[in-house]
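Everything below belongs to final-v7.csv, which stores CSV, N, CA and C atoms.
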```csv
chain,number,residue,atom,x,y,z
V,1,MET,N,-6.3,7.5,29.7
V,1,MET,CA,-5.7,8.1,30.8
V,1,MET,C,-4.1,7.9,30.8
V,2,GLU,N,-3.7,6.8,30.4
V,2,GLU,CA,-2.2,6.5,30.4
V,2,GLU,C,-1.6,7.5,29.4
V,3,LEU,N,-2.2,7.8,28.3
V,3,LEU,CA,-1.6,8.7,27.3
V,3,LEU,C,-1.5,10.1,27.9
V,4,LYS,N,-2.5,10.6,28.7
V,4,LYS,CA,-2.4,11.9,29.3
V,4,LYS,C,-1.2,12.0,30.3
V,5,GLN,N,-1.1,10.9,31.1
V,5,GLN,CA,0.0,10.9,32.1
V,5,GLN,C,1.4,10.9,31.4
V,6,LEU,N,1.5,10.1,30.3
V,6,LEU,CA,2.8,10.0,29.6
V,6,LEU,C,3.1,11.3,28.9
V,7,ALA,N,2.1,12.0,28.4
V,7,ALA,CA,2.2,13.3,27.7
V,7,ALA,C,2.6,14.4,28.6
V,8,LYS,N,2.2,14.3,29.8
V,8,LYS,CA,2.4,15.4,30.8
V,8,LYS,C,3.9,15.5,31.2
V,9,LYS,N,4.5,14.4,31.3
V,9,LYS,CA,5.9,14.4,31.8
V,9,LYS,C,6.9,15.1,30.8
V,10,PRO,N,6.8,14.9,29.5
V,10,PRO,CA,7.6,15.6,28.6
V,10,PRO,C,7.2,17.1,28.4
V,11,GLY,N,6.0,17.4,28.9
V,11,GLY,CA,5.5,18.8,28.8
V,11,GLY,C,4.4,19.1,27.8
V,12,PHE,N,3.7,18.1,27.4
V,12,PHE,CA,2.6,18.3,26.5
V,12,PHE,C,1.3,18.5,27.2
V,13,SER,N,0.6,19.6,27.0
V,13,SER,CA,-0.6,19.9,27.8
V,13,SER,C,-1.9,19.4,27.1
V,14,ARG,N,-2.0,19.3,25.8
V,14,ARG,CA,-3.2,19.0,25.1
V,14,ARG,C,-2.9,18.2,23.8
V,15,ILE,N,-3.7,17.2,23.5
V,15,ILE,CA,-3.5,16.4,22.3
V,15,ILE,C,-4.9,16.6,21.6
V,16,LYS,N,-4.8,17.0,20.3
V,16,LYS,CA,-6.0,17.2,19.6
V,16,LYS,C,-5.8,16.9,18.1
V,17,PRO,N,-6.8,16.5,17.4
V,17,PRO,CA,-6.7,16.3,15.9
V,17,PRO,C,-6.7,17.6,15.2
V,18,GLU,N,-5.9,17.6,14.1
V,18,GLU,CA,-5.9,18.8,13.2
V,18,GLU,C,-6.2,18.3,11.8
V,19,ASN,N,-7.2,18.8,11.2
V,19,ASN,CA,-7.7,18.3,9.9
V,19,ASN,C,-8.0,16.9,10.0
V,20,LYS,N,-7.7,16.1,9.1
V,20,LYS,CA,-8.0,14.6,9.2
V,20,LYS,C,-6.7,13.8,9.2
V,21,GLN,N,-5.6,14.5,9.0
V,21,GLN,CA,-4.3,13.8,8.8
V,21,GLN,C,-3.4,13.9,10.0
V,22,HIS,N,-3.5,15.0,10.7
V,22,HIS,CA,-2.4,15.3,11.7
V,22,HIS,C,-3.0,15.4,13.1
V,23,ILE,N,-2.1,15.2,14.1
V,23,ILE,CA,-2.4,15.3,15.5
V,23,ILE,C,-1.5,16.5,16.0
V,24,VAL,N,-2.1,17.4,16.8
V,24,VAL,CA,-1.3,18.5,17.4
V,24,VAL,C,-1.2,18.3,18.9
V,25,LEU,N,0.1,18.4,19.3
V,25,LEU,CA,0.4,18.4,20.8
V,25,LEU,C,0.8,19.8,21.2
V,26,GLU,N,-0.1,20.4,22.0
V,26,GLU,CA,0.2,21.7,22.5
V,26,GLU,C,1.2,21.6,23.7
V,27,THR,N,2.1,22.6,23.7
V,27,THR,CA,3.2,22.5,24.6
V,27,THR,C,3.9,23.9,24.8
V,28,PRO,N,4.3,24.2,26.1
V,28,PRO,CA,5.0,25.4,26.3
V,28,PRO,C,6.5,25.3,26.2
V,29,ILE,N,7.0,24.1,25.8
V,29,ILE,CA,8.5,23.9,25.7
V,29,ILE,C,9.1,24.7,24.6
V,30,GLU,N,10.4,25.0,24.8
V,30,GLU,CA,11.2,25.8,23.8
V,30,GLU,C,11.9,24.8,22.9
V,31,GLU,N,12.4,25.3,21.8
V,31,GLU,CA,13.1,24.4,20.8
V,31,GLU,C,14.3,23.6,21.3
V,32,PRO,N,15.2,24.2,22.2
V,32,PRO,CA,16.3,23.4,22.7
V,32,PRO,C,15.8,22.2,23.5
V,33,THR,N,14.7,22.4,24.3
V,33,THR,CA,14.2,21.3,25.0
V,33,THR,C,13.6,20.3,24.1
V,34,TRP,N,12.9,20.7,23.0
V,34,TRP,CA,12.3,19.8,22.1
V,34,TRP,C,13.4,19.0,21.4
V,35,ASN,N,14.5,19.6,21.1
V,35,ASN,CA,15.7,18.8,20.5
V,35,ASN,C,16.2,17.7,21.4
V,36,LEU,N,16.2,18.0,22.7
V,36,LEU,CA,16.6,16.9,23.6
V,36,LEU,C,15.6,15.8,23.7
V,37,LEU,N,14.3,16.1,23.6
V,37,LEU,CA,13.2,15.1,23.7
V,37,LEU,C,13.2,14.2,22.4
V,38,VAL,N,13.4,14.9,21.3
V,38,VAL,CA,13.3,14.1,20.0
V,38,VAL,C,14.5,13.3,19.7
V,39,ALA,N,15.6,13.5,20.5
V,39,ALA,CA,16.9,12.8,20.2
V,39,ALA,C,16.7,11.3,20.3
V,40,ASN,N,15.8,10.8,21.1
V,40,ASN,CA,15.6,9.4,21.3
V,40,ASN,C,14.7,8.7,20.3
V,41,LEU,N,14.1,9.5,19.5
V,41,LEU,CA,13.1,8.9,18.5
V,41,LEU,C,13.9,8.4,17.3
V,42,PRO,N,13.4,7.3,16.7
V,42,PRO,CA,14.1,6.7,15.5
V,42,PRO,C,13.9,7.7,14.4
V,43,GLU,N,14.8,7.7,13.4
V,43,GLU,CA,14.8,8.6,12.3
V,43,GLU,C,13.5,8.7,11.6
V,44,LYS,N,12.8,7.5,11.4
V,44,LYS,CA,11.5,7.5,10.7
V,44,LYS,C,10.5,8.3,11.5
V,45,LEU,N,10.6,8.3,12.8
V,45,LEU,CA,9.6,9.1,13.6
V,45,LEU,C,9.9,10.6,13.7
V,46,LYS,N,11.2,10.9,13.7
V,46,LYS,CA,11.7,12.3,13.8
V,46,LYS,C,11.1,13.1,12.7
V,47,THR,N,10.9,12.6,11.5
V,47,THR,CA,10.3,13.4,10.4
V,47,THR,C,8.8,13.6,10.5
V,48,ARG,N,8.2,12.8,11.3
V,48,ARG,CA,6.7,12.9,11.5
V,48,ARG,C,6.4,14.1,12.6
V,49,PHE,N,7.3,14.3,13.5
V,49,PHE,CA,7.1,15.3,14.6
V,49,PHE,C,7.7,16.6,14.1
V,50,VAL,N,6.9,17.6,13.9
V,50,VAL,CA,7.3,18.9,13.5
V,50,VAL,C,7.1,19.9,14.6
V,51,TYR,N,8.2,20.5,15.1
V,51,TYR,CA,8.1,21.5,16.1
V,51,TYR,C,7.8,22.9,15.6
V,52,SER,N,6.9,23.6,16.2
V,52,SER,CA,6.7,25.1,16.0
V,52,SER,C,6.4,25.6,17.4
V,53,PRO,N,6.6,26.9,17.6
V,53,PRO,CA,6.3,27.5,18.9
V,53,PRO,C,4.9,27.2,19.4
V,54,ALA,N,4.8,26.7,20.6
V,54,ALA,CA,3.6,26.4,21.3
V,54,ALA,C,2.9,25.1,20.8
V,55,LYS,N,3.5,24.4,19.8
V,55,LYS,CA,2.9,23.1,19.4
V,55,LYS,C,3.8,22.2,18.7
V,56,VAL,N,3.5,21.0,18.7
V,56,VAL,CA,4.2,20.0,17.9
V,56,VAL,C,3.2,19.2,17.0
V,57,THR,N,3.4,19.2,15.7
V,57,THR,CA,2.4,18.5,14.9
V,57,THR,C,3.0,17.2,14.5
V,58,VAL,N,2.2,16.1,14.7
V,58,VAL,CA,2.5,14.8,14.3
V,58,VAL,C,1.9,14.5,13.0
V,59,ARG,N,2.7,14.6,11.9
V,59,ARG,CA,2.2,14.5,10.6
V,59,ARG,C,1.7,13.1,10.3
V,60,GLY,N,0.6,13.0,9.6
V,60,GLY,CA,0.1,11.7,9.1
V,60,GLY,C,-0.4,10.7,10.1
V,61,LEU,N,-0.4,11.0,11.4
V,61,LEU,CA,-0.9,10.1,12.4
V,61,LEU,C,-2.4,10.0,12.4
V,62,GLY,N,-3.1,11.0,12.0
V,62,GLY,CA,-4.6,11.0,12.0
V,62,GLY,C,-5.2,10.0,11.1
V,63,VAL,N,-4.5,9.5,10.1
V,63,VAL,CA,-5.0,8.5,9.2
V,63,VAL,C,-5.1,7.1,9.7
V,64,PHE,N,-4.4,6.9,10.8
V,64,PHE,CA,-4.4,5.5,11.4
V,64,PHE,C,-5.7,5.4,12.3
V,65,LYS,N,-6.0,4.1,12.6
V,65,LYS,CA,-7.2,3.9,13.5
V,65,LYS,C,-6.8,4.4,14.9
V,66,ALA,N,-7.8,4.7,15.7
V,66,ALA,CA,-7.6,5.3,17.0
V,66,ALA,C,-6.7,4.5,17.9
V,67,ASP,N,-6.8,3.2,17.9
V,67,ASP,CA,-5.9,2.4,18.8
V,67,ASP,C,-4.5,2.4,18.3
V,68,GLN,N,-4.2,2.5,17.0
V,68,GLN,CA,-2.9,2.7,16.5
V,68,GLN,C,-2.3,4.0,16.8
V,69,GLN,N,-3.2,5.1,16.7
V,69,GLN,CA,-2.7,6.4,17.1
V,69,GLN,C,-2.3,6.4,18.6
V,70,LEU,N,-3.1,5.8,19.4
V,70,LEU,CA,-2.7,5.8,20.9
V,70,LEU,C,-1.4,5.1,21.1
V,71,GLN,N,-1.3,3.9,20.4
V,71,GLN,CA,-0.1,3.1,20.6
V,71,GLN,C,1.2,3.8,20.1
V,72,ASN,N,1.1,4.5,19.0
V,72,ASN,CA,2.2,5.3,18.4
V,72,ASN,C,2.6,6.4,19.4
V,73,LEU,N,1.6,7.1,19.9
V,73,LEU,CA,1.9,8.2,20.8
V,73,LEU,C,2.5,7.7,22.1
V,74,ILE,N,1.9,6.7,22.6
V,74,ILE,CA,2.5,6.1,23.9
V,74,ILE,C,3.9,5.7,23.7
V,75,ASP,N,4.2,5.1,22.6
V,75,ASP,CA,5.6,4.7,22.3
V,75,ASP,C,6.5,5.9,22.2
V,76,ALA,N,6.1,6.9,21.5
V,76,ALA,CA,6.9,8.1,21.3
V,76,ALA,C,7.1,8.8,22.6
V,77,PHE,N,6.1,8.9,23.5
V,77,PHE,CA,6.2,9.6,24.7
V,77,PHE,C,7.1,8.8,25.7
V,78,GLY,N,7.1,7.5,25.6
V,78,GLY,CA,8.0,6.6,26.4
V,78,GLY,C,9.4,6.9,26.0
V,79,ARG,N,9.7,7.0,24.7
V,79,ARG,CA,11.1,7.3,24.3
V,79,ARG,C,11.5,8.7,24.7
V,80,MET,N,10.6,9.6,24.7
V,80,MET,CA,10.9,11.0,25.1
V,80,MET,C,11.2,11.0,26.6
V,81,GLN,N,10.5,10.2,27.4
V,81,GLN,CA,10.8,10.2,28.8
V,81,GLN,C,12.1,9.6,29.1
V,82,SER,N,12.5,8.6,28.3
V,82,SER,CA,13.9,8.1,28.5
V,82,SER,C,15.0,9.1,28.2
V,83,ALA,N,14.7,10.0,27.3
V,83,ALA,CA,15.6,11.1,27.0
V,83,ALA,C,15.7,12.1,28.2
V,84,ILE,N,14.5,12.3,28.9
V,84,ILE,CA,14.5,13.1,30.1
V,84,ILE,C,15.3,12.4,31.2
V,85,ALA,N,15.2,11.1,31.3
V,85,ALA,CA,15.9,10.4,32.4
V,85,ALA,C,17.4,10.4,32.1
V,86,LYS,N,17.8,10.4,30.9
V,86,LYS,CA,19.3,10.5,30.6
V,86,LYS,C,19.8,11.8,31.0
V,87,VAL,N,19.1,12.9,30.7
V,87,VAL,CA,19.5,14.3,31.1
V,87,VAL,C,19.5,14.4,32.6
V,88,ALA,N,18.5,13.8,33.3
V,88,ALA,CA,18.5,14.0,34.7
V,88,ALA,C,19.7,13.3,35.4
V,89,VAL,N,20.2,12.2,34.8
V,89,VAL,CA,21.3,11.5,35.3
V,89,VAL,C,22.6,12.4,35.2
V,90,LEU,N,22.7,13.1,34.1
V,90,LEU,CA,23.9,13.9,33.9
V,90,LEU,C,23.9,15.0,34.9
```
Translate the structure described by the file into structure tokens.
Amino acid sequence: MELKQLAKKPGFSRIKPENKQHIVLETPIEEPTWNLLVANLPEKLKTRFVYSPAKVTVRGLGVFKADQQLQNLIDAFGRMQSAIAKVAVL
């Protein structure tokens, strides 16, 4: 439940596995908004998150155990929320 709440704030509506290696985050956000969200991610994570219209693919996350997948997504969404907070302050 925590993951759903964290995902909703940056604008992700659905999280689902794709194939066995990737996780897809469905979203209505546009690319400029995505660029603001991903700005707070470390370089090693930025390469895992691939934006395309209506979805973001998290490459390679599906090979981890479920609890590691959840923790990685929770961490990434937390960083994205801090990017939103920085923009809101401006």
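Ranking V:Asn72, V:Val58, V:Lys86, V:Met80 by their shortest atom-to-atom distance to Asn40 of chain V, with all atoms listed in the file included, puts V:Met80 first.
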- request: Work out how far apart atom N of Glu18 of chain V and atom CA of Gly62 of chain V are and give it in Å to one decimal.
  value: 7.0 Å
task: Please give the complete set of residues from segment 30-79 of chain V that DSSP, run on the backbone, assigns to helix (DSSP H, G or I), formatted as a ChimeraX atom specification.
output: /V:31-38,43-46,61-63,66-79
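Nearest to Glu31 of chain V of all the residues V:Pro10, V:Pro17, V:Thr47, V:Ala54 is V:Ala54, counting only C-alpha atoms.
The two atoms in question, atom C of Asp67 of chain V and atom C of Pro32 of chain V, are spaced 28.8 Å apart.
With only N, CA and C atoms as the basis for measurement, V:Gly11 is the residue among V:Gly11, V:Pro42, V:Gly78, V:Gly60 that approaches Leu25 of chain V most closely.
Going from atom CA of Leu3 of chain V to atom C of Lys55 of chain V covers 16.9 Å.
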